[in-house]
Number of protein chains: 2
Amino acid sequence: MTNIKDLAKMAGVSVTTVSRVLNHHPYVSEEKKNAVLEAVRATNYNKNLNAVHLSTGKTQLMGVAIPFSDHPYFALLLKGIASQALQYNYKLVLIQTDYSESREMEALQMLKQKQIDSLIICSRTSDLSTIQGHLHYGSIVLCESAEGMKISKTFVNHYKIFFEALEYLYQKGHRKIGYCIGRRSGTNSENRSLAYKDFHKKYRLPYHPEYIIDNCLYFEDGEKVVNEIKEMDSPPSALLVTSDQVAAGIVIRCEQMEISIPDEMAIIGFDNEPIAKMMNITTIEIPLVEMGRNLFLQAMTDNISTMELPVNLIERGTV
Amino acid sequence: MTNIKDLAKMAGVSVTTVSRVLNHHPYVSEEKKNAVLEAVRATNYNKNLNAVHLSTGKTQLMGVAIPFSDHPYFALLLKGIASQALQYNYKLVLIQTDYSESREMEALQMLKQKQIDSLIICSRTSDLSTIQGHLHYGSIVLCESAEGMKISKTFVNHYKIFFEALEYLYQKGHRKIGYCIGRRSGTNSENRSLAYKDFHKKYRLPYHPEYIIDNCLYFEDGEKVVNEIKEMDSPPSALLVTSDQVAAGIVIRCEQMEISIPDEMAIIGFDNEPIAKMMNITTIEIPLVEMGRNLFLQAMTDNISTMELPVNLIERGTV
DNA sequence: TTGTATGCGTTATCAT
DNA sequence: ATGATAACGCATACAA
């Protein structure tokens, strides 16, 4: 494998000059420049980026810690991140966490070990203080409100969204409202749970723990949800579903079971994925791709910033 | 940032000994070992992986060139790859190609520049010969048959699958069969196109170019497909749909338009995604996760191997 | 405009 | 069992 020293020898110049040519620096004569380029061509030379990284202390690599990528929520987030990465000539290192704290620690470890310049944590599991302790190794960006913490973040206000959606259903006459969620832990889930409780307090409604159905991630989980509700003595009349995928699955399953929507069961989905439009599902639009883009930009700088993105209720046929 | 030299000084040993301790090499006394470990603890030391990579010539990084990750086909492939990466302590670098050749060349470039040890190309755009020319920079694995080429690959026989599916529909009495596909170019698409033509030749059926509908990737594309077919004077009576997502979208749209399935329109999907099971869609099961796992394993070795995976027609209610 | 010399932080070779 | 020293390949401060 040829290196700049070889090139220098071949072109009859110093390694510095070679480096200058390779990095498009000024102050190098046409003549020598051509000699170097000729040597590059002749040897089919390639930089060893590991050497560059060691020397510069940077890798042009950004870590993305994500529970899994085969769900539209994270896939769309990733899409936004990737679009910016492309533009800024950054590569992404995918760190699948499966919501495991140790995997997330590995991501932080990579930052410490200078394998990545910065890190986006799409769904945090470890302590905020732990993360903050790693901040001087490189910039870290979160996807949640992380109140009071001096960490960059882009997020939507899940508490507010959930509360407003519940009130919307209340205004439509619903008094028995349930919700479907991916998992119970995690900041976003806890905020939603809180909103759900506060809503019931505010309107003095009875709180049914069985109205909360977790492990709802994919289209096919809609089947499980409807089956579960069918078994209830006093089923909810409306459902907040934190993924349009699941909402669509519920709608389909309801059709199969001849449960009329929205009369017998009202549905509000989340994210405004294309499937929601096609199936005419009322949903709350969350700008996931834009969030991803912003997460990337925040990870690029060392400045700490906070960005809350607005959401939008899209009224369609399932409420 | 402390380095092994500092540690050596602190522990009163040589850098070699420090390195030995850090890499769990034998031949180091308990005493010195503890001294080193104590220094590590005291300084909160972390390896600089870039230095390791430069010195060893390896990065423990595998590149995954993928058109986009927000589609179940690639997401499932990625899932399989990621599961093995986790097990073998490899990290994945995501290279979104958007089917662009230049982006794919960038991936090859990364291999040349030693940023990644190996590369999985999930959907090739560049020349096979170009790829082969990069083989000595690191192992490269493809996801297509790549006949006669000395490159590792894991694939399913799309020609055979398509042909058999068409014959299956033929046996069921269908004479006007169309198909939906993501894009027209690409090895897999060309193989399918060839099978489609050969099928028509074999059974002396008229060839309708308008029965081939491209740009079918997502659930919502099903709407477009049905609308297009509705416009035809002589629409097909059966459809081969190269993604269960799209197949599901078509089924839903047909319900909306009151087109009866399978009587007026028969559907065969691909991949056997969970959505196909839930919606009782006849489909061809492709073991995507297993493919991903195998792709990873092939990329780990320098040996060239070929693996063709079997597929499976799952008869359900849409034919 | 060009070159020399040094640093980046490891690993590996070869003595001892 | 331990250590000195040479790679690894590039960037860059400084000198000229």
# chains A, B, ... in the order shown; residues from 1 in each chain; ligands from 1
call {"tool": "interface_residues", "arguments": {"of": "chain A", "to": "chain D", "cutoff": "10 Å", "atoms": "only C-alpha atoms (C1' of nucleotides)", "output": "PyMOL selection string"}}
result
chain A and resi 2-5+15-16+19-20+47-56
call {"tool": "residues_around", "arguments": {"residues": "Met149 of chain A", "least_positions_apart": "2", "cutoff": "10 Å", "atoms": "only C-alpha atoms (C1' of nucleotides)", "output": "ChimeraX atom specification"}}
result
/A:128-129,132,145-147,151-153
call {"tool": "residues_around", "arguments": {"residues": "Val319 of chain B", "least_positions_apart": "6", "cutoff": "9 Å", "atoms": "only C-alpha atoms (C1' of nucleotides)", "output": "count of residues only"}}
result
12
call {"tool": "residues_around", "arguments": {"residues": "Met10 of chain B", "least_positions_apart": "2", "cutoff": "9 Å", "atoms": "only C-alpha atoms (C1' of nucleotides)", "output": "NGL selection string"}}
result
:B and (5-8 or 12-13 or 35-36 or 39)
call {"tool": "interface_residues", "arguments": {"of": "chain B", "to": "chain A", "cutoff": "9 Å", "atoms": "only C-alpha atoms", "output": "ChimeraX atom specification"}}
result
/B:46-55,57,59,61,68-72,74-76,78-79,82-83,86,91-96,109-110,112-115,218-220,223,249,252-253,274-279
call {"tool": "write_last_selection", "arguments": {"atoms": "N, CA and C atoms", "output": "compact mmCIF listing (two decimals), in the first residue's frame"}}
result
# COMPACT_ATOMS: atom_id res chain seq x y z
N ASN B 46 -9.09 6.06 28.52
CA ASN B 46 -9.76 5.41 27.40
C ASN B 46 -8.83 5.27 26.22
N LYS B 47 -8.89 4.14 25.60
CA LYS B 47 -8.10 3.93 24.38
C LYS B 47 -8.52 4.89 23.30
N ASN B 48 -7.57 5.29 22.52
CA ASN B 48 -7.91 6.01 21.29
C ASN B 48 -7.97 4.99 20.17
N LEU B 49 -9.20 4.69 19.76
CA LEU B 49 -9.36 3.62 18.78
C LEU B 49 -8.74 3.94 17.43
N ASN B 50 -8.66 5.21 17.12
CA ASN B 50 -8.05 5.56 15.84
C ASN B 50 -6.60 5.12 15.79
N ALA B 51 -5.94 5.24 16.90
CA ALA B 51 -4.55 4.79 16.97
C ALA B 51 -4.49 3.26 16.83
N VAL B 52 -5.41 2.62 17.51
CA VAL B 52 -5.47 1.15 17.39
C VAL B 52 -5.69 0.75 15.94
N HIS B 53 -6.63 1.43 15.32
CA HIS B 53 -6.96 1.09 13.94
C HIS B 53 -5.79 1.32 13.00
N LEU B 54 -5.11 2.42 13.22
CA LEU B 54 -3.95 2.71 12.37
C LEU B 54 -2.90 1.63 12.55
N SER B 55 -2.70 1.26 13.79
CA SER B 55 -1.65 0.30 14.08
C SER B 55 -2.01 -1.11 13.60
N GLY B 57 -4.50 -1.86 11.40
CA GLY B 57 -5.00 -1.90 10.03
C GLY B 57 -6.44 -2.38 9.92
N THR B 59 -10.63 -1.95 11.59
CA THR B 59 -11.47 -0.97 12.29
C THR B 59 -12.66 -1.60 13.02
N LEU B 61 -15.28 -2.22 11.79
CA LEU B 61 -16.42 -1.51 11.23
C LEU B 61 -16.81 -2.18 9.91
N PHE B 68 -32.29 2.60 1.00
CA PHE B 68 -32.94 3.36 2.07
C PHE B 68 -33.37 2.37 3.13
N SER B 69 -33.58 2.85 4.33
CA SER B 69 -33.84 1.91 5.41
C SER B 69 -35.28 1.95 5.88
N ASP B 70 -36.09 2.82 5.28
CA ASP B 70 -37.47 2.92 5.77
C ASP B 70 -38.42 2.06 4.94
N HIS B 71 -37.94 0.91 4.54
CA HIS B 71 -38.81 -0.04 3.85
C HIS B 71 -38.56 -1.41 4.49
N PRO B 72 -39.63 -2.14 4.75
CA PRO B 72 -39.48 -3.41 5.46
C PRO B 72 -38.46 -4.35 4.82
N PHE B 74 -35.58 -3.79 3.29
CA PHE B 74 -34.23 -3.45 3.72
C PHE B 74 -34.10 -3.40 5.24
N ALA B 75 -35.18 -2.99 5.88
CA ALA B 75 -35.15 -2.94 7.33
C ALA B 75 -34.94 -4.33 7.93
N LEU B 76 -35.58 -5.32 7.31
CA LEU B 76 -35.44 -6.69 7.82
C LEU B 76 -34.06 -7.26 7.52
N LEU B 78 -31.42 -5.48 7.26
CA LEU B 78 -30.57 -4.77 8.21
C LEU B 78 -30.66 -5.39 9.60
N LYS B 79 -31.86 -5.79 9.94
CA LYS B 79 -32.08 -6.40 11.25
C LYS B 79 -31.22 -7.66 11.39
N ALA B 82 -27.58 -6.63 11.65
CA ALA B 82 -27.30 -6.00 12.94
C ALA B 82 -27.23 -7.03 14.06
N SER B 83 -28.06 -8.05 13.96
CA SER B 83 -28.07 -9.05 15.04
C SER B 83 -26.72 -9.76 15.11
N LEU B 86 -23.87 -7.36 16.39
CA LEU B 86 -23.90 -7.28 17.84
C LEU B 86 -23.12 -8.44 18.45
N LYS B 91 -19.31 -2.93 14.51
CA LYS B 91 -20.23 -1.82 14.36
C LYS B 91 -20.57 -1.66 12.87
N LEU B 92 -21.74 -1.14 12.61
CA LEU B 92 -22.17 -0.98 11.22
C LEU B 92 -22.15 0.48 10.80
N VAL B 93 -21.60 0.73 9.64
CA VAL B 93 -21.67 2.07 9.08
C VAL B 93 -22.70 2.04 7.97
N LEU B 94 -23.71 2.86 8.13
CA LEU B 94 -24.81 2.88 7.19
C LEU B 94 -24.47 3.78 6.02
N ILE B 95 -24.58 3.26 4.81
CA ILE B 95 -24.36 4.11 3.65
C ILE B 95 -25.62 4.08 2.80
N GLN B 96 -26.41 5.13 2.93
CA GLN B 96 -27.65 5.23 2.15
C GLN B 96 -27.29 5.57 0.72
N GLN B 109 -15.04 3.36 -1.78
CA GLN B 109 -13.96 4.27 -1.40
C GLN B 109 -13.61 4.10 0.08
N MET B 110 -14.63 3.98 0.89
CA MET B 110 -14.39 3.81 2.32
C MET B 110 -13.60 2.54 2.60
N LYS B 112 -11.47 1.16 0.45
CA LYS B 112 -10.11 1.49 0.00
C LYS B 112 -9.36 2.27 1.05
N GLN B 113 -10.05 3.18 1.66
CA GLN B 113 -9.41 4.08 2.61
C GLN B 113 -9.34 3.50 4.01
N LYS B 114 -9.71 2.24 4.08
CA LYS B 114 -9.58 1.50 5.34
C LYS B 114 -10.47 2.03 6.46
N GLN B 115 -11.51 2.71 6.09
CA GLN B 115 -12.43 3.18 7.12
C GLN B 115 -13.34 2.04 7.57
N TYR B 218 -44.37 1.26 -1.04
CA TYR B 218 -45.00 1.39 0.27
C TYR B 218 -46.49 1.05 0.22
N PHE B 219 -47.02 0.85 1.38
CA PHE B 219 -48.44 0.55 1.55
C PHE B 219 -49.32 1.47 0.70
N GLU B 220 -49.04 2.75 0.80
CA GLU B 220 -49.91 3.72 0.14
C GLU B 220 -49.84 3.65 -1.38
N GLU B 223 -52.85 2.24 -3.49
CA GLU B 223 -53.94 3.08 -4.00
C GLU B 223 -53.73 3.40 -5.47
N GLY B 249 -51.80 -2.72 0.79
CA GLY B 249 -52.41 -1.47 0.32
C GLY B 249 -53.41 -1.73 -0.80
N ILE B 252 -56.61 -3.29 0.65
CA ILE B 252 -57.43 -2.26 1.30
C ILE B 252 -58.15 -1.41 0.27
N ARG B 253 -57.38 -0.99 -0.72
CA ARG B 253 -57.96 -0.12 -1.74
C ARG B 253 -59.06 -0.85 -2.52
N PRO B 274 -45.40 -9.72 8.60
CA PRO B 274 -46.53 -9.96 9.51
C PRO B 274 -47.85 -9.40 8.98
N ILE B 275 -47.77 -8.30 8.26
CA ILE B 275 -48.99 -7.68 7.74
C ILE B 275 -49.71 -8.64 6.80
N ALA B 276 -48.96 -9.50 6.10
CA ALA B 276 -49.57 -10.44 5.18
C ALA B 276 -50.36 -11.50 5.94
N LYS B 277 -49.82 -11.91 7.06
CA LYS B 277 -50.52 -12.90 7.86
C LYS B 277 -51.82 -12.32 8.39
N MET B 278 -51.70 -11.12 8.94
CA MET B 278 -52.88 -10.52 9.54
C MET B 278 -53.99 -10.31 8.52
N MET B 279 -53.59 -9.93 7.32
CA MET B 279 -54.60 -9.64 6.32
C MET B 279 -54.88 -10.83 5.41
call {"tool": "atom_distance", "arguments": {"atom1": "atom CA of Ile250 of chain B", "atom2": "atom CA of Met291 of chain B"}}
result
26.9 Å
call {"tool": "interface_residues", "arguments": {"of": "chain C", "to": "chain A", "cutoff": "10 Å", "atoms": "only C-alpha atoms (C1' of nucleotides)", "output": "list in words"}}
result
DT1, DT2, DG3, DT4, DG7, DC8 and DG9 of chain C
call {"tool": "atom_distance", "arguments": {"atom1": "atom CA of Asn44 of chain A", "atom2": "atom CA of Gly133 of chain B"}}
result
12.0 Å
call {"tool": "select_by_dssp", "arguments": {"residues": "segment 159-308 of chain A", "states": "strand (DSSP E)", "output": "ChimeraX atom specification"}}
result
/A:177-180,212-213,238-241,266-270,283-285,306-308
call {"tool": "residues_around", "arguments": {"residues": "Asp244 of chain A", "least_positions_apart": "2", "cutoff": "8 Å", "atoms": "only C-alpha atoms (C1' of nucleotides)", "output": "list in words"}}
result
Val241, Thr242, Val246, Ala247, Ala248, Gly269, Phe270, Asp271, Asn272, Glu273, Ile275, Ala276 and Thr283 of chain A
